[in-house]
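Q: My structure is stored as work.pdb, with PDB, C-alpha atoms, pLDDT in the B column.
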```
MODEL        1
ATOM      1  CA  MET H   1       3.563 164.172 167.659  1.00 44.00           C
ATOM      2  CA  GLU H   2       3.984 167.015 165.225  1.00 49.00           C
ATOM      3  CA  GLU H   3       1.517 167.271 162.356  1.00 52.00           C
ATOM      4  CA  LEU H   4       2.229 164.589 159.799  1.00 50.00           C
ATOM      5  CA  HIS H   5       2.516 165.036 156.075  1.00 48.00           C
ATOM      6  CA  THR H   6      -0.871 164.820 154.420  1.00 47.00           C
ATOM      7  CA  THR H   7      -1.286 162.911 151.214  1.00 49.00           C
ATOM      8  CA  LYS H   8      -4.301 162.520 148.971  1.00 48.00           C
ATOM      9  CA  VAL H   9      -5.170 158.901 148.323  1.00 47.00           C
ATOM     10  CA  VAL H  10      -7.404 157.344 145.705  1.00 46.00           C
ATOM     11  CA  GLN H  11     -10.336 156.028 147.710  1.00 50.00           C
ATOM     12  CA  ASN H  12     -10.625 152.251 147.920  1.00 55.00           C
ATOM     13  CA  GLU H  13     -14.190 151.194 148.618  1.00 58.00           C
ATOM     14  CA  MET H  14     -12.939 147.812 149.846  1.00 56.00           C
ATOM     15  CA  MET H  15     -11.720 149.560 153.008  1.00 57.00           C
ATOM     16  CA  ASP H  16     -15.387 149.767 154.000  1.00 61.00           C
ATOM     17  CA  ARG H  17     -16.398 146.179 153.177  1.00 66.00           C
ATOM     18  CA  PRO H  18     -15.373 143.994 156.146  1.00 69.00           C
ATOM     19  CA  VAL H  19     -15.443 140.238 155.681  1.00 78.00           C
ATOM     20  CA  VAL H  20     -16.686 139.456 159.193  1.00 82.00           C
ATOM     21  CA  GLU H  21     -19.920 140.282 161.038  1.00 84.00           C
ATOM     22  CA  ALA H  22     -20.176 143.928 162.118  1.00 88.00           C
ATOM     23  CA  GLY H  23     -20.291 143.268 165.860  1.00 91.00           C
ATOM     24  CA  VAL H  24     -17.195 141.072 165.746  1.00 91.00           C
ATOM     25  CA  LEU H  25     -15.382 143.635 163.633  1.00 90.00           C
ATOM     26  CA  ASN H  26     -16.285 146.442 166.023  1.00 91.00           C
ATOM     27  CA  PHE H  27     -14.851 144.535 168.979  1.00 93.00           C
ATOM     28  CA  MET H  28     -11.647 143.630 167.118  1.00 91.00           C
ATOM     29  CA  ARG H  29     -11.127 147.259 166.125  1.00 90.00           C
ATOM     30  CA  THR H  30     -12.205 149.033 169.313  1.00 92.00           C
ATOM     31  CA  GLY H  31     -12.043 146.414 172.068  1.00 94.00           C
ATOM     32  CA  GLN H  32      -8.374 145.529 171.830  1.00 95.00           C
ATOM     33  CA  ALA H  33      -5.476 147.391 173.387  1.00 93.00           C
ATOM     34  CA  ASP H  34      -4.008 150.522 171.830  1.00 95.00           C
ATOM     35  CA  PHE H  35      -0.405 150.777 170.753  1.00 96.00           C
ATOM     36  CA  PRO H  36       2.114 152.975 172.615  1.00 92.00           C
ATOM     37  CA  GLY H  37       1.580 156.734 172.163  1.00 92.00           C
ATOM     38  CA  PRO H  38       3.559 157.544 168.984  1.00 95.00           C
ATOM     39  CA  LEU H  39       2.303 154.468 167.138  1.00 97.00           C
ATOM     40  CA  LYS H  40      -1.271 155.151 168.237  1.00 96.00           C
ATOM     41  CA  GLU H  41      -1.065 158.720 166.947  1.00 96.00           C
ATOM     42  CA  LEU H  42       0.297 157.586 163.590  1.00 97.00           C
ATOM     43  CA  GLU H  43      -2.376 154.882 163.280  1.00 96.00           C
ATOM     44  CA  GLU H  44      -5.157 157.338 164.138  1.00 95.00           C
ATOM     45  CA  TYR H  45      -3.815 159.872 161.652  1.00 95.00           C
ATOM     46  CA  ALA H  46      -3.786 157.256 158.891  1.00 95.00           C
ATOM     47  CA  HIS H  47      -7.346 156.152 159.582  1.00 92.00           C
ATOM     48  CA  GLU H  48      -8.686 159.693 159.901  1.00 92.00           C
ATOM     49  CA  ASN H  49      -7.086 160.673 156.585  1.00 92.00           C
ATOM     50  CA  ARG H  50      -8.047 157.470 154.764  1.00 90.00           C
ATOM     51  CA  VAL H  51      -4.453 156.434 154.192  1.00 92.00           C
ATOM     52  CA  PRO H  52      -4.523 152.724 153.265  1.00 90.00           C
ATOM     53  CA  VAL H  53      -2.698 151.140 156.193  1.00 94.00           C
ATOM     54  CA  ILE H  54      -3.498 147.836 157.883  1.00 95.00           C
ATOM     55  CA  PRO H  55      -6.591 148.041 160.145  1.00 94.00           C
ATOM     56  CA  HIS H  56      -6.220 147.814 163.911  1.00 96.00           C
ATOM     57  CA  GLU H  57      -7.128 144.134 164.218  1.00 96.00           C
ATOM     58  CA  THR H  58      -4.528 143.209 161.600  1.00 97.00           C
ATOM     59  CA  ALA H  59      -1.934 145.428 163.251  1.00 97.00           C
ATOM     60  CA  ILE H  60      -2.589 143.775 166.621  1.00 97.00           C
ATOM     61  CA  PHE H  61      -2.155 140.343 165.042  1.00 98.00           C
ATOM     62  CA  LEU H  62       1.026 141.406 163.224  1.00 98.00           C
ATOM     63  CA  ASP H  63       2.542 142.691 166.463  1.00 98.00           C
ATOM     64  CA  PHE H  64       1.589 139.436 168.243  1.00 98.00           C
ATOM     65  CA  LEU H  65       2.965 137.266 165.435  1.00 98.00           C
ATOM     66  CA  LEU H  66       6.297 139.081 165.368  1.00 98.00           C
ATOM     67  CA  ASP H  67       6.715 138.705 169.131  1.00 97.00           C
ATOM     68  CA  ILE H  68       6.408 134.936 168.588  1.00 97.00           C
ATOM     69  CA  LYS H  69       8.442 134.754 165.380  1.00 96.00           C
ATOM     70  CA  LYS H  70      11.172 137.123 166.646  1.00 97.00           C
ATOM     71  CA  PRO H  71      12.512 138.141 163.220  1.00 98.00           C
ATOM     72  CA  LYS H  72      15.742 140.081 162.832  1.00 98.00           C
ATOM     73  CA  ARG H  73      15.568 140.981 159.128  1.00 98.00           C
ATOM     74  CA  ILE H  74      12.170 142.166 157.839  1.00 98.00           C
ATOM     75  CA  LEU H  75      11.085 142.967 154.282  1.00 98.00           C
ATOM     76  CA  GLU H  76       8.037 145.113 153.484  1.00 98.00           C
ATOM     77  CA  ILE H  77       6.441 145.782 150.108  1.00 98.00           C
ATOM     78  CA  GLY H  78       4.042 148.721 150.320  1.00 97.00           C
ATOM     79  CA  MET H  79       5.219 151.289 152.855  1.00 96.00           C
ATOM     80  CA  ALA H  80       2.498 153.986 152.696  1.00 95.00           C
ATOM     81  CA  ILE H  81       3.272 156.534 155.439  1.00 97.00           C
ATOM     82  CA  GLY H  82       5.304 154.068 157.490  1.00 97.00           C
ATOM     83  CA  PHE H  83       2.776 152.802 160.041  1.00 98.00           C
ATOM     84  CA  SER H  84       3.235 149.051 159.577  1.00 98.00           C
ATOM     85  CA  GLY H  85       6.975 149.491 159.093  1.00 98.00           C
ATOM     86  CA  SER H  86       7.245 151.469 162.314  1.00 98.00           C
ATOM     87  CA  LEU H  87       5.094 148.930 164.130  1.00 98.00           C
ATOM     88  CA  MET H  88       7.426 146.102 163.134  1.00 98.00           C
ATOM     89  CA  VAL H  89      10.599 147.731 164.469  1.00 98.00           C
ATOM     90  CA  TYR H  90       9.436 150.206 167.141  1.00 97.00           C
ATOM     91  CA  GLY H  91      10.770 149.136 170.533  1.00 95.00           C
ATOM     92  CA  HIS H  92      12.808 146.290 169.004  1.00 97.00           C
ATOM     93  CA  GLU H  93      16.418 147.336 168.559  1.00 97.00           C
ATOM     94  CA  GLU H  94      17.327 143.888 167.233  1.00 97.00           C
ATOM     95  CA  ARG H  95      15.091 144.265 164.157  1.00 98.00           C
ATOM     96  CA  THR H  96      15.907 145.956 160.861  1.00 98.00           C
ATOM     97  CA  LEU H  97      13.547 146.717 157.989  1.00 98.00           C
ATOM     98  CA  ASP H  98      13.928 146.991 154.232  1.00 98.00           C
ATOM     99  CA  THR H  99      10.796 148.616 152.832  1.00 98.00           C
ATOM    100  CA  ILE H 100       9.773 149.317 149.229  1.00 98.00           C
ATOM    101  CA  ASP H 101       7.466 151.974 147.816  1.00 97.00           C
ATOM    102  CA  ARG H 102       7.176 153.891 144.563  1.00 96.00           C
ATOM    103  CA  TYR H 103       4.991 156.883 145.509  1.00 94.00           C
ATOM    104  CA  ASP H 104       6.887 160.103 146.224  1.00 95.00           C
ATOM    105  CA  LYS H 105       4.346 161.584 148.641  1.00 94.00           C
ATOM    106  CA  MET H 106       4.215 158.403 150.674  1.00 95.00           C
ATOM    107  CA  ILE H 107       8.007 158.201 150.776  1.00 97.00           C
ATOM    108  CA  VAL H 108       8.327 161.766 152.054  1.00 97.00           C
ATOM    109  CA  ALA H 109       5.716 161.166 154.758  1.00 96.00           C
ATOM    110  CA  ALA H 110       7.200 157.801 155.781  1.00 97.00           C
ATOM    111  CA  LYS H 111      10.716 159.217 156.132  1.00 98.00           C
ATOM    112  CA  GLU H 112       9.418 161.909 158.458  1.00 97.00           C
ATOM    113  CA  ASN H 113       7.434 159.408 160.509  1.00 97.00           C
ATOM    114  CA  PHE H 114      10.348 156.988 160.848  1.00 98.00           C
ATOM    115  CA  GLU H 115      12.428 159.890 162.164  1.00 97.00           C
ATOM    116  CA  LYS H 116       9.742 160.961 164.634  1.00 96.00           C
ATOM    117  CA  LEU H 117       9.357 157.444 165.993  1.00 97.00           C
ATOM    118  CA  GLY H 118      13.118 157.050 166.345  1.00 97.00           C
ATOM    119  CA  VAL H 119      13.438 154.030 164.044  1.00 98.00           C
ATOM    120  CA  ALA H 120      14.978 155.642 160.945  1.00 98.00           C
ATOM    121  CA  ASP H 121      18.429 154.238 161.695  1.00 98.00           C
ATOM    122  CA  ARG H 122      17.068 150.691 161.355  1.00 98.00           C
ATOM    123  CA  VAL H 123      14.940 151.288 158.257  1.00 98.00           C
ATOM    124  CA  THR H 124      16.206 151.242 154.670  1.00 98.00           C
ATOM    125  CA  ILE H 125      13.769 152.679 152.124  1.00 98.00           C
ATOM    126  CA  HIS H 126      14.030 151.388 148.560  1.00 98.00           C
ATOM    127  CA  GLU H 127      12.306 153.760 146.149  1.00 97.00           C
ATOM    128  CA  GLY H 128      10.808 152.223 143.013  1.00 97.00           C
ATOM    129  CA  ASP H 129       8.597 149.445 141.729  1.00 96.00           C
ATOM    130  CA  ALA H 130       8.974 146.248 143.747  1.00 97.00           C
ATOM    131  CA  LYS H 131       9.352 144.148 140.578  1.00 95.00           C
ATOM    132  CA  ASP H 132      12.533 146.119 139.846  1.00 97.00           C
ATOM    133  CA  VAL H 133      13.777 146.456 143.426  1.00 98.00           C
ATOM    134  CA  LEU H 134      13.271 142.906 144.713  1.00 98.00           C
ATOM    135  CA  PRO H 135      15.757 141.241 142.300  1.00 96.00           C
ATOM    136  CA  THR H 136      18.456 143.705 143.442  1.00 97.00           C
ATOM    137  CA  LEU H 137      18.201 142.802 147.140  1.00 97.00           C
ATOM    138  CA  THR H 138      20.936 140.530 148.431  1.00 95.00           C
ATOM    139  CA  ASP H 139      19.818 139.906 152.018  1.00 95.00           C
ATOM    140  CA  GLN H 140      17.779 136.961 153.224  1.00 97.00           C
ATOM    141  CA  TYR H 141      14.771 137.835 155.389  1.00 98.00           C
ATOM    142  CA  ASP H 142      12.959 135.863 158.074  1.00 97.00           C
ATOM    143  CA  PHE H 143       9.712 137.815 157.757  1.00 98.00           C
ATOM    144  CA  ALA H 144       8.022 139.723 154.920  1.00 98.00           C
ATOM    145  CA  LEU H 145       4.851 141.818 154.718  1.00 98.00           C
ATOM    146  CA  LEU H 146       3.157 142.340 151.350  1.00 98.00           C
ATOM    147  CA  ASP H 147       0.612 145.172 151.342  1.00 97.00           C
ATOM    148  CA  SER H 148       0.810 146.970 148.017  1.00 95.00           C
ATOM    149  CA  ALA H 149      -1.046 146.972 144.681  1.00 93.00           C
ATOM    150  CA  LYS H 150      -3.279 143.884 144.775  1.00 94.00           C
ATOM    151  CA  ALA H 151      -2.939 143.292 141.033  1.00 94.00           C
ATOM    152  CA  LYS H 152       0.819 142.835 141.580  1.00 96.00           C
ATOM    153  CA  TYR H 153       0.692 140.315 144.435  1.00 97.00           C
ATOM    154  CA  PHE H 154       1.000 137.290 142.177  1.00 96.00           C
ATOM    155  CA  ASP H 155       3.920 138.834 140.281  1.00 95.00           C
ATOM    156  CA  PHE H 156       5.748 139.830 143.475  1.00 97.00           C
ATOM    157  CA  PHE H 157       5.238 136.471 145.205  1.00 98.00           C
ATOM    158  CA  PRO H 158       8.072 134.464 143.585  1.00 97.00           C
ATOM    159  CA  LEU H 159      10.468 137.396 143.957  1.00 97.00           C
ATOM    160  CA  ILE H 160       9.691 137.666 147.663  1.00 98.00           C
ATOM    161  CA  MET H 161      10.008 133.923 148.222  1.00 98.00           C
ATOM    162  CA  ASP H 162      13.452 134.062 146.625  1.00 97.00           C
ATOM    163  CA  ARG H 163      14.549 136.534 149.303  1.00 97.00           C
ATOM    164  CA  LEU H 164      12.862 134.689 152.204  1.00 98.00           C
ATOM    165  CA  GLN H 165      14.946 132.204 154.159  1.00 97.00           C
ATOM    166  CA  ILE H 166      13.698 128.696 154.906  1.00 97.00           C
ATOM    167  CA  GLY H 167      11.403 128.932 157.903  1.00 97.00           C
ATOM    168  CA  GLY H 168      10.592 132.531 157.047  1.00 98.00           C
ATOM    169  CA  VAL H 169       7.004 133.775 156.929  1.00 98.00           C
ATOM    170  CA  LEU H 170       5.290 135.977 154.358  1.00 98.00           C
ATOM    171  CA  MET H 171       2.155 137.815 155.480  1.00 98.00           C
ATOM    172  CA  ILE H 172      -0.053 139.028 152.611  1.00 98.00           C
ATOM    173  CA  ASP H 173      -2.723 141.588 153.465  1.00 96.00           C
ATOM    174  CA  ASP H 174      -6.024 142.293 151.658  1.00 94.00           C
ATOM    175  CA  ILE H 175      -6.628 139.107 149.704  1.00 95.00           C
ATOM    176  CA  PHE H 176     -10.454 139.004 149.707  1.00 93.00           C
ATOM    177  CA  GLN H 177     -11.446 142.257 147.954  1.00 89.00           C
ATOM    178  CA  GLY H 178     -14.302 142.727 150.398  1.00 87.00           C
ATOM    179  CA  GLY H 179     -15.292 139.100 149.827  1.00 88.00           C
ATOM    180  CA  THR H 180     -15.817 139.629 146.084  1.00 91.00           C
ATOM    181  CA  VAL H 181     -12.720 137.622 145.152  1.00 92.00           C
ATOM    182  CA  PHE H 182     -14.924 134.503 145.133  1.00 91.00           C
ATOM    183  CA  ASN H 183     -17.654 135.984 142.920  1.00 93.00           C
ATOM    184  CA  ASP H 184     -18.025 135.158 139.219  1.00 93.00           C
ATOM    185  CA  LEU H 185     -15.783 137.305 137.039  1.00 91.00           C
ATOM    186  CA  GLU H 186     -18.787 138.607 135.082  1.00 89.00           C
ATOM    187  CA  THR H 187     -20.119 140.263 138.256  1.00 91.00           C
ATOM    188  CA  ILE H 188     -16.873 142.165 138.864  1.00 91.00           C
ATOM    189  CA  PRO H 189     -16.532 145.760 137.540  1.00 90.00           C
ATOM    190  CA  LYS H 190     -14.156 145.818 134.574  1.00 92.00           C
ATOM    191  CA  ARG H 191     -11.826 148.294 136.290  1.00 91.00           C
ATOM    192  CA  VAL H 192     -10.943 145.722 138.996  1.00 90.00           C
ATOM    193  CA  ARG H 193     -11.100 142.474 137.004  1.00 92.00           C
ATOM    194  CA  LYS H 194      -7.325 142.254 136.797  1.00 93.00           C
ATOM    195  CA  ILE H 195      -7.139 142.369 140.586  1.00 93.00           C
ATOM    196  CA  HIS H 196      -9.844 139.686 140.769  1.00 94.00           C
ATOM    197  CA  LYS H 197      -7.997 137.406 138.352  1.00 94.00           C
ATOM    198  CA  LYS H 198      -4.593 137.889 139.970  1.00 94.00           C
ATOM    199  CA  LEU H 199      -5.811 137.311 143.529  1.00 96.00           C
ATOM    200  CA  ASN H 200      -7.592 134.124 142.464  1.00 95.00           C
ATOM    201  CA  LEU H 201      -4.477 132.947 140.667  1.00 94.00           C
ATOM    202  CA  LEU H 202      -2.429 133.646 143.806  1.00 96.00           C
ATOM    203  CA  LEU H 203      -4.823 131.658 145.987  1.00 96.00           C
ATOM    204  CA  ASP H 204      -4.975 128.795 143.470  1.00 95.00           C
ATOM    205  CA  GLU H 205      -1.195 128.499 143.220  1.00 95.00           C
ATOM    206  CA  VAL H 206      -0.221 129.107 146.838  1.00 96.00           C
ATOM    207  CA  VAL H 207      -2.817 127.879 149.340  1.00 96.00           C
ATOM    208  CA  LYS H 208      -2.557 124.161 148.488  1.00 93.00           C
ATOM    209  CA  HIS H 209       1.043 124.132 147.269  1.00 96.00           C
ATOM    210  CA  PRO H 210       2.781 121.013 148.663  1.00 95.00           C
ATOM    211  CA  ASN H 211       5.986 122.931 149.398  1.00 95.00           C
ATOM    212  CA  LEU H 212       4.355 125.709 151.404  1.00 97.00           C
ATOM    213  CA  LYS H 213       2.570 125.890 154.728  1.00 98.00           C
ATOM    214  CA  THR H 214      -0.297 128.380 154.646  1.00 98.00           C
ATOM    215  CA  SER H 215      -3.129 129.786 156.734  1.00 98.00           C
ATOM    216  CA  ILE H 216      -5.894 132.284 155.950  1.00 97.00           C
ATOM    217  CA  LEU H 217      -7.371 134.656 158.546  1.00 96.00           C
ATOM    218  CA  PRO H 218     -10.466 136.891 158.207  1.00 94.00           C
ATOM    219  CA  LEU H 219      -8.673 139.960 159.545  1.00 94.00           C
ATOM    220  CA  GLY H 220      -9.374 143.240 157.779  1.00 92.00           C
ATOM    221  CA  ASP H 221      -9.879 142.314 154.135  1.00 92.00           C
ATOM    222  CA  GLY H 222      -8.230 138.929 154.570  1.00 95.00           C
ATOM    223  CA  VAL H 223      -4.718 137.824 155.520  1.00 97.00           C
ATOM    224  CA  LEU H 224      -2.758 134.988 153.924  1.00 98.00           C
ATOM    225  CA  LEU H 225       0.202 133.574 155.861  1.00 98.00           C
ATOM    226  CA  VAL H 226       2.826 131.603 153.955  1.00 98.00           C
ATOM    227  CA  GLU H 227       5.757 129.734 155.507  1.00 98.00           C
ATOM    228  CA  LYS H 228       8.689 128.807 153.297  1.00 98.00           C
ATOM    229  CA  ILE H 229       9.535 125.217 154.236  1.00 97.00           C
ATOM    230  CA  ASP H 230      12.193 124.346 151.640  1.00 97.00           C
ATOM    231  CA  ASP H 231      14.226 125.823 148.792  1.00 95.00           C
ATOM    232  CA  THR H 232      11.565 125.387 146.079  1.00 96.00           C
ATOM    233  CA  ASP H 233      12.111 127.799 143.199  1.00 95.00           C
ATOM    234  CA  PHE H 234       8.887 129.683 142.442  1.00 95.00           C
ATOM    235  CA  SER H 235      10.257 131.584 139.458  1.00 92.00           C
ATOM    236  CA  TYR H 236       8.089 129.454 137.148  1.00 92.00           C
ATOM    237  CA  LEU H 237       5.139 131.544 138.330  1.00 91.00           C
ATOM    238  CA  LEU H 238       6.627 134.546 136.564  1.00 86.00           C
ATOM    239  CA  GLU H 239       5.761 132.856 133.279  1.00 82.00           C
ATOM    240  CA  LYS H 240       2.065 132.707 134.154  1.00 73.00           C
ATOM    241  CA  ASN H 241       0.327 135.820 132.844  1.00 60.00           C
ATOM    242  CA  PHE H 242      -2.868 137.027 131.211  1.00 52.00           C
TER     243      PHE H 242
ENDMDL
END
```
Take the structure in the file and write it out as structure tokens.
A:
Amino acid sequence: MEELHTTKVVQNEMMDRPVVEAGVLNFMRTGQADFPGPLKELEEYAHENRVPVIPHETAIFLDFLLDIKKPKRILEIGMAIGFSGSLMVYGHEERTLDTIDRYDKMIVAAKENFEKLGVADRVTIHEGDAKDVLPTLTDQYDFALLDSAKAKYFDFFPLIMDRLQIGGVLMIDDIFQGGTVFNDLETIPKRVRKIHKKLNLLLDEVVKHPNLKTSILPLGDGVLLVEKIDDTDFSYLLEKNF
């Protein structure tokens, strides 16, 4: 693969705080199979350059889950350089992807990578803030991946559920903040307290909701799976704020 666009990223220390024992993590990240050549190269580039993409164990699970779920219409919030988006449609001509991102450098890099992996014709990039883009989408999706600004997860959730069809699954990445999400607020640095509050609010409202089916997995920095089981309107969550 030709050299990919480089992009400077604000370092996230949570990338280095796994929520499982080190030996288990090492096996999940190095003991499982690699992806086909182009995807492997893109994944390795992202990790080497500290681009915040899903870690290998989460990517392996995502690929496995999609082979079972067999979605046709996929929605992604948080595109980065296009690794997870490419993973979800690469080698699957029946799948299409709508992906949202607001960062110009990421968008430029992702467009180039989608072209190089031969999936650009099945990917639609929506440029802008997801809170503005999501209400404009008219399609219904059978799978969605949320991997963007953690402080926005709670705000994006009802908008995503509105676009998800009954039986559709939402996969939310990075919900544990290196395990600190369960610590007392007073122990959390002020610069990330909004993230702490919003992630806790998301877990409180979603995990035990009677009209949702959920599961939590200790992959990467935590994965929350949500299945939409009926037509419940979650717009009331938009009124909850700090």
Q: Using all atoms listed in the file for the distances, tell me which of H:Asp204, H:Asp104, H:Asp98, H:Asp230 is nearest to Met161 of chain H.
A: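 Looking only at the distances to Met161 of chain H, the closest residue turns out to be H:Asp230.
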Q: List the residues selected by the PyMOL selection byres ((chain H and resi 176-180) around 10) in the file shown, writing them as JSON, numbers by chain.
A: {"H": [13, 14, 15, 16, 17, 18, 19, 20, 150, 173, 174, 175, 181, 182, 183, 184, 185, 187, 188, 192, 195, 196, 199, 200, 203, 218, 220, 221, 222, 223, 224]}
Q: Take the PyMOL selection byres ((chain H and resi 82) around 9), apply it to the structure above, and return the hits as a ChimeraX atom specification.
A: /H:42,53,79-81,83-87,106-107,109-114
Q: Just C-alpha atoms for this one: save the residues we selected as a PDB file, in the coordinates of the input.
A:
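The resulting file, out32.pdb, is shown below:
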```pdb
ATOM      1  CA  LEU H  42       0.297 157.586 163.590  1.00 97.00           C
ATOM      2  CA  VAL H  53      -2.698 151.140 156.193  1.00 94.00           C
ATOM      3  CA  MET H  79       5.219 151.289 152.855  1.00 96.00           C
ATOM      4  CA  ALA H  80       2.498 153.986 152.696  1.00 95.00           C
ATOM      5  CA  ILE H  81       3.272 156.534 155.439  1.00 97.00           C
ATOM      6  CA  PHE H  83       2.776 152.802 160.041  1.00 98.00           C
ATOM      7  CA  SER H  84       3.235 149.051 159.577  1.00 98.00           C
ATOM      8  CA  GLY H  85       6.975 149.491 159.093  1.00 98.00           C
ATOM      9  CA  SER H  86       7.245 151.469 162.314  1.00 98.00           C
ATOM     10  CA  LEU H  87       5.094 148.930 164.130  1.00 98.00           C
ATOM     11  CA  MET H 106       4.215 158.403 150.674  1.00 95.00           C
ATOM     12  CA  ILE H 107       8.007 158.201 150.776  1.00 97.00           C
ATOM     13  CA  ALA H 109       5.716 161.166 154.758  1.00 96.00           C
ATOM     14  CA  ALA H 110       7.200 157.801 155.781  1.00 97.00           C
ATOM     15  CA  LYS H 111      10.716 159.217 156.132  1.00 98.00           C
ATOM     16  CA  GLU H 112       9.418 161.909 158.458  1.00 97.00           C
ATOM     17  CA  ASN H 113       7.434 159.408 160.509  1.00 97.00           C
ATOM     18  CA  PHE H 114      10.348 156.988 160.848  1.00 98.00           C
TER      19      PHE H 114
END
```
Q: In Å, with one decimal, what is the gap from atom CA of Pro158 of chain H to atom CA of Ser215 of chain H?
A: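 Pair atom CA of Pro158 of chain H / atom CA of Ser215 of chain H returns 17.9 Å.
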Q: Leaving out Val89 of chain H and any residue of its chain fewer than 2 positions from it, which residues lie within 10 Å of it when counting all atoms listed in the file, given as a list of chain:residue names?
A: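 Near Val89 of chain H, the qualifying residues are H:Asp63, H:Leu66, H:Pro71, H:Lys72, H:Arg73, H:Ile74, H:Ser84, H:Gly85, H:Ser86, H:Leu87, H:Gly91, H:His92, H:Glu93, H:Glu94, H:Arg95, H:Thr96, H:Leu97, H:Phe114, H:Leu117, H:Gly118, H:Val119, H:Ala120, H:Arg122, H:Val123.
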Q: From the options H:Tyr103, H:Leu164, H:Gly78, H:Ile172, which residue's atoms come nearest to Thr214 of chain H, counting all atoms listed in the file?
A: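 The answer is H:Ile172, which sits nearest to Thr214 of chain H.
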Q: Give one line per residue of segment 10-65 of chain H that approaches segment 138-147 of chain H to at most 10 Å, naming the two atoms of the closest pair and their distance in Å to one decimal, counting only C-alpha atoms; sort by chain then ascending residue number and deliver it as a Markdown table.
A:
```
| residue | atom | partner | partner_atom | distance |
| --- | --- | --- | --- | --- |
| H:Pro52 | CA | H:Asp147 | CA | 9.3 |
| H:Val53 | CA | H:Asp147 | CA | 8.4 |
| H:Ile54 | CA | H:Asp147 | CA | 8.2 |
| H:Leu62 | CA | H:Leu145 | CA | 9.3 |
```
Q: For the residues selected in the previous step, produce a file with C-alpha atoms as a PDB file, in the coordinates of the input.
A:
```pdb
ATOM      1  CA  PRO H  52      -4.523 152.724 153.265  1.00 90.00           C
ATOM      2  CA  VAL H  53      -2.698 151.140 156.193  1.00 94.00           C
ATOM      3  CA  ILE H  54      -3.498 147.836 157.883  1.00 95.00           C
ATOM      4  CA  LEU H  62       1.026 141.406 163.224  1.00 98.00           C
TER       5      LEU H  62
END
```
Q: I'd like the contact shell of Phe64 of chain H - 12 Å cut-off, all atoms listed in the file, skipping same-chain residues fewer than 6 positions apart - returned as a JSON list (two decimals) with C-alpha atoms, keeping the file's coordinate frame.
A:
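Result file follows (selection-v2.json):
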```
[["chain", "number", "residue", "atom", "x", "y", "z"],
["H", 33, "ALA", "CA", -5.48, 147.39, 173.39],
["H", 35, "PHE", "CA", -0.40, 150.78, 170.75],
["H", 57, "GLU", "CA", -7.13, 144.13, 164.22],
["H", 58, "THR", "CA", -4.53, 143.21, 161.60],
["H", 70, "LYS", "CA", 11.17, 137.12, 166.65],
["H", 87, "LEU", "CA", 5.09, 148.93, 164.13],
["H", 88, "MET", "CA", 7.43, 146.10, 163.13]]
```
Q: Box for segment 83-89 of chain H - axis-aligned, 4 Å on each of the six sides, all listed atoms - centre and size in Å to one decimal, as AutoDock Vina command-line options.
A:
```
--center_x 6.7 --center_y 149.5 --center_z 161.8 --size_x 15.8 --size_y 14.7 --size_z 13.4
```
Q: At what distance in Å, to one decimal, does atom CA of Ser148 of chain H lie from atom CA of Lys197 of chain H?
A: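 Separating atom CA of Lys197 of chain H from atom CA of Ser148 of chain H is a distance of 16.2 Å.
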Q: Any chance you could resolve the PyMOL selection byres ((chain H and resi 23-30) around 6) against this file and give the residues as a list of chain:residue names?
A: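 For this structure, the PyMOL selection byres ((chain H and resi 23-30) around 6) captures H:Glu21, H:Ala22, H:Gly31, H:Gln32, H:His56, H:Glu57.
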Q: List the spatial neighbours of Leu137 of chain H as a ChimeraX atom specification - criterion: any atom at most 10 Å away, only C-alpha atoms, same-chain residues fewer than 2 positions off excluded.
A: /H:98,126,132-135,139-140,159-160,162-163
Q: Find the residue from H:Ile100, H:Asp129, H:Val51, H:Tyr90 that sits nearest to Pro36 of chain H; use only C-alpha atoms when measuring.
A: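 Smallest separation from Pro36 of chain H among the options: H:Tyr90.
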Q: Would you pick out the contacts of Lys198 of chain H at 7 Å or less, using all atoms listed in the file, so that residues sharing its chain but fewer than 4 positions from it are not included, and give the list as a PyMOL selection string?
A: chain H and resi 151+154+194+202
Q: Do you have the atom CA of Ile166 of chain H-atom CA of Leu217 of chain H distance handy?
A: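 The value is 22.2 Å.
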